[in-house]
$ cat data_11.pdb   # PDB, C-alpha atoms
ATOM      1  CA  MET A   1      45.732-154.516 -46.947
ATOM      2  CA  GLU A   2      44.292-152.310 -49.650
ATOM      3  CA  SER A   3      41.326-151.671 -47.391
ATOM      4  CA  ALA A   4      43.653-150.661 -44.549
ATOM      5  CA  ILE A   5      45.240-148.052 -46.790
ATOM      6  CA  LYS A   6      41.801-146.885 -47.773
ATOM      7  CA  THR A   7      40.860-146.508 -44.110
ATOM      8  CA  VAL A   8      43.953-144.421 -43.425
ATOM      9  CA  VAL A   9      43.050-142.110 -46.314
ATOM     10  CA  THR A  10      39.319-141.864 -45.689
ATOM     11  CA  THR A  11      39.820-141.236 -41.964
ATOM     12  CA  PHE A  12      41.851-138.180 -42.837
ATOM     13  CA  LEU A  13      39.459-137.039 -45.535
ATOM     14  CA  SER A  14      36.356-137.353 -43.416
ATOM     15  CA  SER A  15      38.049-135.532 -40.527
ATOM     16  CA  ALA A  16      39.196-132.761 -42.827
ATOM     17  CA  ARG A  17      35.650-132.330 -44.162
ATOM     18  CA  GLY A  18      36.641-131.477 -47.687
ATOM     19  CA  LYS A  19      39.481-129.183 -46.686
ATOM     20  CA  GLU A  20      43.118-129.756 -47.599
ATOM     21  CA  SER A  21      44.314-130.174 -44.038
ATOM     22  CA  LEU A  22      43.181-130.629 -40.467
ATOM     23  CA  ASP A  23      42.863-127.627 -38.205
ATOM     24  CA  THR A  24      43.502-127.858 -34.471
ATOM     25  CA  LYS A  25      39.952-128.814 -33.649
ATOM     26  CA  SER A  26      39.509-131.566 -36.213
ATOM     27  CA  PHE A  27      42.962-132.975 -35.468
ATOM     28  CA  GLN A  28      42.052-133.151 -31.814
ATOM     29  CA  LYS A  29      38.843-134.937 -32.662
ATOM     30  CA  LEU A  30      40.626-137.433 -34.891
ATOM     31  CA  VAL A  31      43.226-138.273 -32.260
ATOM     32  CA  GLN A  32      40.663-138.658 -29.491
ATOM     33  CA  LYS A  33      38.294-140.701 -31.570
ATOM     34  CA  GLN A  34      40.698-142.867 -33.516
ATOM     35  CA  LEU A  35      43.897-143.134 -31.539
ATOM     36  CA  GLY A  36      42.736-143.345 -27.943
ATOM     37  CA  GLY A  37      43.681-147.007 -27.703
ATOM     38  CA  VAL A  38      47.278-146.695 -28.857
ATOM     39  CA  MET A  39      48.363-143.361 -27.432
ATOM     40  CA  GLU A  40      48.576-141.880 -24.007
ATOM     41  CA  ASP A  41      47.248-138.479 -23.020
ATOM     42  CA  THR A  42      44.644-138.296 -25.770
ATOM     43  CA  SER A  43      42.220-136.821 -23.268
ATOM     44  CA  SER A  44      44.545-133.888 -22.674
ATOM     45  CA  SER A  45      44.053-131.196 -25.287
ATOM     46  CA  SER A  46      47.373-129.567 -24.478
ATOM     47  CA  ALA A  47      49.215-132.828 -25.149
ATOM     48  CA  ILE A  48      47.482-133.108 -28.517
ATOM     49  CA  LYS A  49      48.344-129.514 -29.274
ATOM     50  CA  GLU A  50      51.986-130.218 -28.529
ATOM     51  CA  MET A  51      51.912-133.229 -30.798
ATOM     52  CA  GLN A  52      50.311-131.170 -33.542
ATOM     53  CA  GLN A  53      53.071-128.596 -33.284
ATOM     54  CA  GLY A  54      55.606-131.378 -33.507
ATOM     55  CA  LEU A  55      54.008-132.626 -36.713
ATOM     56  CA  ASP A  56      53.568-129.223 -38.273
ATOM     57  CA  GLU A  57      56.647-129.086 -40.472
ATOM     58  CA  ASN A  58      55.698-126.017 -42.461
ATOM     59  CA  SER A  59      54.313-124.297 -39.331
ATOM     60  CA  ASP A  60      51.016-123.270 -40.872
ATOM     61  CA  GLY A  61      49.098-124.317 -37.766
ATOM     62  CA  LYS A  62      47.404-127.162 -39.602
ATOM     63  CA  VAL A  63      48.086-130.832 -40.162
ATOM     64  CA  SER A  64      48.368-131.716 -43.848
ATOM     65  CA  PHE A  65      47.908-135.190 -45.263
ATOM     66  CA  GLN A  66      51.678-135.634 -45.420
ATOM     67  CA  GLU A  67      52.073-134.575 -41.812
ATOM     68  CA  TYR A  68      49.251-136.895 -40.781
ATOM     69  CA  LEU A  69      50.960-139.818 -42.527
ATOM     70  CA  GLN A  70      54.118-139.082 -40.563
ATOM     71  CA  LEU A  71      52.138-139.579 -37.394
ATOM     72  CA  ILE A  72      50.609-142.805 -38.699
ATOM     73  CA  GLY A  73      54.032-144.066 -39.731
ATOM     74  CA  TYR A  74      55.482-143.194 -36.383
ATOM     75  CA  ILE A  75      52.727-144.922 -34.423
ATOM     76  CA  ALA A  76      52.825-147.965 -36.692
ATOM     77  CA  ASN A  77      56.577-148.219 -36.204
ATOM     78  CA  SER A  78      56.405-148.109 -32.453
ATOM     79  CA  LEU A  79      53.503-150.558 -32.408
ATOM     80  CA  SER A  80      55.433-152.892 -34.645
ATOM     81  CA  GLN A  81      58.481-152.721 -32.423
ATOM     82  CA  SER A  82      56.536-153.490 -29.285
ATOM     83  CA  LYS A  83      54.838-156.307 -31.127
ATOM     84  CA  SER A  84      57.966-158.010 -32.412
ATOM     85  CA  GLY A  85      59.527-157.501 -28.996
ATOM     86  CA  SER A  86      56.823-159.504 -27.292
ATOM     87  CA  LYS A  87      56.834-162.137 -30.074
ATOM     88  CA  GLU A  88      53.110-162.034 -30.268
ATOM     89  CA  ASN A  89      51.560-163.998 -33.080
ATOM     90  CA  ALA A  90      48.572-161.953 -34.076
ATOM     91  CA  SER A  91      47.620-163.882 -37.184
TER      92      SER A  91
ATOM     93  CA  MET B   1      37.068-151.402 -28.937
ATOM     94  CA  PRO B   2      39.786-150.290 -31.337
ATOM     95  CA  SER B   3      38.857-147.595 -33.846
ATOM     96  CA  ASP B   4      38.946-148.020 -37.634
ATOM     97  CA  LEU B   5      42.285-146.303 -37.807
ATOM     98  CA  GLU B   6      43.790-148.469 -35.090
ATOM     99  CA  THR B   7      42.476-151.590 -36.778
ATOM    100  CA  ALA B   8      43.968-150.448 -40.076
ATOM    101  CA  MET B   9      47.387-149.858 -38.513
ATOM    102  CA  GLU B  10      47.263-153.163 -36.723
ATOM    103  CA  LEU B  11      46.456-154.870 -40.020
ATOM    104  CA  LEU B  12      49.437-153.265 -41.750
ATOM    105  CA  ILE B  13      51.702-154.515 -38.990
ATOM    106  CA  VAL B  14      50.254-158.017 -38.987
ATOM    107  CA  VAL B  15      50.517-158.268 -42.776
ATOM    108  CA  PHE B  16      54.115-157.083 -42.737
ATOM    109  CA  HIS B  17      55.167-159.574 -40.093
ATOM    110  CA  ARG B  18      53.230-162.417 -41.678
ATOM    111  CA  TYR B  19      55.327-162.084 -44.836
ATOM    112  CA  ALA B  20      58.519-160.974 -43.124
ATOM    113  CA  SER B  21      58.701-164.077 -40.948
ATOM    114  CA  LYS B  22      58.846-166.470 -43.902
ATOM    115  CA  ASP B  23      62.642-166.678 -44.049
ATOM    116  CA  GLU B  24      65.517-166.487 -41.571
ATOM    117  CA  HIS B  25      65.435-162.673 -41.519
ATOM    118  CA  ALA B  26      62.223-162.538 -39.533
ATOM    119  CA  GLY B  27      61.937-158.786 -39.065
ATOM    120  CA  THR B  28      62.448-157.794 -42.692
ATOM    121  CA  LEU B  29      61.095-158.498 -46.152
ATOM    122  CA  SER B  30      63.416-159.983 -48.728
ATOM    123  CA  ARG B  31      62.769-159.320 -52.404
ATOM    124  CA  ARG B  32      60.856-162.557 -52.623
ATOM    125  CA  GLU B  33      58.746-161.809 -49.569
ATOM    126  CA  LEU B  34      57.956-158.339 -50.850
ATOM    127  CA  ARG B  35      56.830-159.854 -54.132
ATOM    128  CA  GLN B  36      54.557-162.296 -52.313
ATOM    129  CA  LEU B  37      53.139-159.534 -50.164
ATOM    130  CA  MET B  38      52.401-157.339 -53.148
ATOM    131  CA  GLU B  39      50.946-160.143 -55.227
ATOM    132  CA  ASN B  40      48.602-161.241 -52.449
ATOM    133  CA  GLU B  41      47.804-158.024 -50.632
ATOM    134  CA  LEU B  42      48.115-155.351 -53.259
ATOM    135  CA  SER B  43      46.939-157.255 -56.307
ATOM    136  CA  ASN B  44      44.657-154.461 -57.517
ATOM    137  CA  PHE B  45      47.507-152.018 -57.398
ATOM    138  CA  LEU B  46      49.865-154.428 -59.087
ATOM    139  CA  LYS B  47      47.367-155.100 -61.861
ATOM    140  CA  SER B  48      47.286-151.419 -62.711
ATOM    141  CA  GLN B  49      51.082-151.482 -62.940
ATOM    142  CA  LYS B  50      51.766-152.902 -66.371
ATOM    143  CA  ASP B  51      55.510-152.802 -65.836
ATOM    144  CA  PRO B  52      56.850-156.299 -65.017
ATOM    145  CA  GLY B  53      59.884-154.745 -63.342
ATOM    146  CA  ALA B  54      57.679-152.729 -60.999
ATOM    147  CA  ILE B  55      58.433-154.805 -57.913
ATOM    148  CA  ASP B  56      62.185-154.610 -58.490
ATOM    149  CA  LYS B  57      61.944-150.855 -58.832
ATOM    150  CA  ILE B  58      59.797-150.568 -55.720
ATOM    151  CA  MET B  59      62.240-152.747 -53.812
ATOM    152  CA  LYS B  60      65.130-150.535 -54.862
ATOM    153  CA  ASP B  61      63.249-147.406 -53.881
ATOM    154  CA  LEU B  62      62.176-148.772 -50.520
ATOM    155  CA  ASP B  63      65.486-150.195 -49.456
ATOM    156  CA  ALA B  64      66.821-146.931 -48.089
ATOM    157  CA  ASN B  65      69.853-148.407 -46.354
ATOM    158  CA  GLY B  66      70.705-150.723 -49.266
ATOM    159  CA  ASP B  67      70.887-153.992 -47.341
ATOM    160  CA  GLY B  68      68.614-155.901 -49.748
ATOM    161  CA  GLN B  69      65.915-156.192 -47.096
ATOM    162  CA  VAL B  70      62.877-154.020 -46.437
ATOM    163  CA  ASP B  71      62.311-153.352 -42.744
ATOM    164  CA  PHE B  72      59.062-152.080 -41.313
ATOM    165  CA  GLU B  73      60.120-148.470 -41.449
ATOM    166  CA  GLU B  74      60.931-148.816 -45.141
ATOM    167  CA  PHE B  75      57.666-150.655 -45.700
ATOM    168  CA  VAL B  76      55.795-147.729 -44.170
ATOM    169  CA  SER B  77      57.163-145.546 -46.985
ATOM    170  CA  LEU B  78      55.389-147.819 -49.448
ATOM    171  CA  VAL B  79      52.146-147.459 -47.529
ATOM    172  CA  VAL B  80      52.605-143.695 -47.384
ATOM    173  CA  GLY B  81      53.298-143.561 -51.110
ATOM    174  CA  LEU B  82      50.215-145.578 -51.901
ATOM    175  CA  SER B  83      48.126-143.471 -49.525
ATOM    176  CA  VAL B  84      49.246-140.266 -51.195
ATOM    177  CA  ALA B  85      48.432-141.696 -54.616
ATOM    178  CA  CYS B  86      45.089-142.862 -53.304
ATOM    179  CA  GLU B  87      44.304-139.447 -51.837
ATOM    180  CA  GLN B  88      45.211-137.632 -55.056
ATOM    181  CA  CYS B  89      43.036-140.041 -56.983
ATOM    182  CA  TYR B  90      40.172-139.388 -54.608
ATOM    183  CA  LYS B  91      40.578-135.633 -54.939
ATOM    184  CA  MET B  92      40.674-135.845 -58.719
ATOM    185  CA  HIS B  93      37.579-137.967 -58.653
ATOM    186  CA  LYS B  94      35.809-135.467 -56.430
ATOM    187  CA  GLY B  95      37.015-132.584 -58.571
ATOM    188  CA  LEU B  96      35.519-134.185 -61.652
ATOM    189  CA  LYS B  97      32.245-134.767 -59.873
ATOM    190  CA  THR B  98      31.870-131.180 -58.722
ATOM    191  CA  LYS B  99      32.648-129.895 -62.196
ATOM    192  CA  LYS B 100      29.757-131.785 -63.702
TER     193      LYS B 100
END

$ encode --input "data_11.pdb" --output "structure tokens"
Amino acid sequence: MESAIKTVVTTFLSSARGKESLDTKSFQKLVQKQLGGVMEDTSSSSAIKEMQQGLDENSDGKVSFQEYLQLIGYIANSLSQSKSGSKENAS
Amino acid sequence: MPSDLETAMELLIVVFHRYASKDEHAGTLSRRELRQLMENELSNFLKSQKDPGAIDKIMKDLDANGDGQVDFEEFVSLVVGLSVACEQCYKMHKGLKTKK
């Protein structure tokens, strides 16, 4: 589990390329590359843009680490719900 | 093929449910289940926490609705907290390196 947390952090850091937050382009790249399997519409750049605006709490046009974690938390929650709904035993 | 990030999220979910399903409240972690999860899955973190009451404090913090159980949403806060700490650590580490 520690390695999963590390992946979540390093994915953000490598996408941000040393900057504090993700700009539109790098966010788009991250979503397309990393979240294509769990989200719909990742091929549509306008859908990603909409999602980015939804995440952008301080409206600075970028996605900070905190805002990124909100997205991760949200996706994890919905995945978990669909999982426990289908009673799948993944272990 | 799932990406790294998808695999990581999947793992968090699987780990949560593996521990959560150990008692009659299958969808949530009791105090005991949380302790087991942290001792087995977050042992490095727990080692750095010298405070023996750490788990109790974490449990109290996580249990936002006060029902004595940690649901997945509350568990995500723990992951987020650890991720933030991990990121700050990483930044500090990088900051030290560039200073040298």

$ interface_residues --input "data_11.pdb" --of "chain B" --to "chain A" --cutoff "10 Å" --atoms "all atoms listed in the file" --output "MDAnalysis selection string"
chainID B and resid 1:18 26:27 37:38 40:45 72:77 79:87 90:91 94

$ atom_distance --input "data_11.pdb" --atom1 "CA of Met59 (chain B)" --atom2 "CA of Asp71 (chain B)"
11.1 Å

$ atom_distance --input "data_11.pdb" --atom1 "CA of Gly66 (chain B)" --atom2 "CA of Ser21 (chain B)"
19.8 Å

$ axis_aligned_box --input "data_11.pdb" --around "region 23-38 of chain B" --padding-each-side "8 Å" --output "lines of an AutoDock Vina configuration file"
center_x = 59.0
center_y = -162.0
center_z = -46.6
size_x = 29.1
size_y = 25.3
size_z = 31.1

$ closest_residue --input "data_11.pdb" --among "B:Ser48, B:Gln88, B:Ser30, B:Gln36" --to "Asp63 (chain B)" --atoms "all atoms listed in the file"
B:Ser30

$ resolve_selection --input "data_11.pdb" --expression "the PyMOL selection byres ((chain B and resi 60) around 12)" --output "mmCIF file with C-alpha atoms, keeping the file's coordinate frame"
data_model
loop_
_atom_site.group_PDB
_atom_site.id
_atom_site.type_symbol
_atom_site.label_atom_id
_atom_site.label_comp_id
_atom_site.auth_asym_id
_atom_site.auth_seq_id
_atom_site.Cartn_x
_atom_site.Cartn_y
_atom_site.Cartn_z
ATOM 1 C CA SER B 30 63.416 -159.983 -48.728
ATOM 2 C CA ARG B 31 62.769 -159.320 -52.404
ATOM 3 C CA LEU B 34 57.956 -158.339 -50.850
ATOM 4 C CA GLY B 53 59.884 -154.745 -63.342
ATOM 5 C CA ALA B 54 57.679 -152.729 -60.999
ATOM 6 C CA ILE B 55 58.433 -154.805 -57.913
ATOM 7 C CA ASP B 56 62.185 -154.610 -58.490
ATOM 8 C CA LYS B 57 61.944 -150.855 -58.832
ATOM 9 C CA ILE B 58 59.797 -150.568 -55.720
ATOM 10 C CA MET B 59 62.240 -152.747 -53.812
ATOM 11 C CA ASP B 61 63.249 -147.406 -53.881
ATOM 12 C CA LEU B 62 62.176 -148.772 -50.520
ATOM 13 C CA ASP B 63 65.486 -150.195 -49.456
ATOM 14 C CA ALA B 64 66.821 -146.931 -48.089
ATOM 15 C CA ASN B 65 69.853 -148.407 -46.354
ATOM 16 C CA GLY B 66 70.705 -150.723 -49.266
ATOM 17 C CA ASP B 67 70.887 -153.992 -47.341
ATOM 18 C CA GLY B 68 68.614 -155.901 -49.748
ATOM 19 C CA GLN B 69 65.915 -156.192 -47.096
ATOM 20 C CA VAL B 70 62.877 -154.020 -46.437
ATOM 21 C CA GLU B 74 60.931 -148.816 -45.141
ATOM 22 C CA PHE B 75 57.666 -150.655 -45.700
ATOM 23 C CA LEU B 78 55.389 -147.819 -49.448
#

$ atom_distance --input "data_11.pdb" --atom1 "CA of Ser46 (chain A)" --atom2 "CA of Gln28 (chain A)"
9.7 Å

$ residues_around --input "data_11.pdb" --residues "Leu55 (chain A)" --least-positions-apart "4" --cutoff "8 Å" --atoms "only C-alpha atoms" --output "list in words"
Met51, Val63, Glu67, Tyr68, Gln70 and Leu71 of chain A

$ build_atoms --input "data_11.pdb" --residues "region 23-38 of chain B" --atoms "N, CA and C atoms" --output "CSV table (one decimal), in the coordinates of the input"
chain,number,residue,atom,x,y,z
B,23,ASP,N,61.3,-166.2,-44.0
B,23,ASP,CA,62.6,-166.7,-44.0
B,23,ASP,C,63.4,-166.4,-42.8
B,24,GLU,N,64.7,-166.6,-42.8
B,24,GLU,CA,65.5,-166.5,-41.6
B,24,GLU,C,65.6,-165.0,-41.1
B,25,HIS,N,65.5,-164.1,-42.0
B,25,HIS,CA,65.4,-162.7,-41.5
B,25,HIS,C,64.0,-162.3,-41.1
B,26,ALA,N,63.6,-162.6,-39.9
B,26,ALA,CA,62.2,-162.5,-39.5
B,26,ALA,C,61.7,-161.1,-39.5
B,27,GLY,N,62.5,-160.1,-39.2
B,27,GLY,CA,61.9,-158.8,-39.1
B,27,GLY,C,61.9,-158.0,-40.3
B,28,THR,N,62.4,-158.6,-41.5
B,28,THR,CA,62.4,-157.8,-42.7
B,28,THR,C,61.9,-158.6,-43.9
B,29,LEU,N,61.6,-157.9,-44.9
B,29,LEU,CA,61.1,-158.5,-46.2
B,29,LEU,C,62.3,-158.6,-47.1
B,30,SER,N,62.5,-159.8,-47.6
B,30,SER,CA,63.4,-160.0,-48.7
B,30,SER,C,62.7,-159.6,-50.0
B,31,ARG,N,63.4,-159.6,-51.1
B,31,ARG,CA,62.8,-159.3,-52.4
B,31,ARG,C,61.6,-160.3,-52.7
B,32,ARG,N,61.9,-161.5,-52.4
B,32,ARG,CA,60.9,-162.6,-52.6
B,32,ARG,C,59.6,-162.4,-51.7
B,33,GLU,N,59.9,-162.0,-50.5
B,33,GLU,CA,58.7,-161.8,-49.6
B,33,GLU,C,57.9,-160.6,-50.0
B,34,LEU,N,58.6,-159.5,-50.4
B,34,LEU,CA,58.0,-158.3,-50.8
B,34,LEU,C,57.1,-158.7,-52.1
B,35,ARG,N,57.6,-159.5,-53.0
B,35,ARG,CA,56.8,-159.9,-54.1
B,35,ARG,C,55.5,-160.6,-53.7
B,36,GLN,N,55.7,-161.5,-52.8
B,36,GLN,CA,54.6,-162.3,-52.3
B,36,GLN,C,53.5,-161.4,-51.7
B,37,LEU,N,54.0,-160.5,-50.8
B,37,LEU,CA,53.1,-159.5,-50.2
B,37,LEU,C,52.4,-158.7,-51.2
B,38,MET,N,53.1,-158.2,-52.2
B,38,MET,CA,52.4,-157.3,-53.1
B,38,MET,C,51.4,-158.1,-54.0
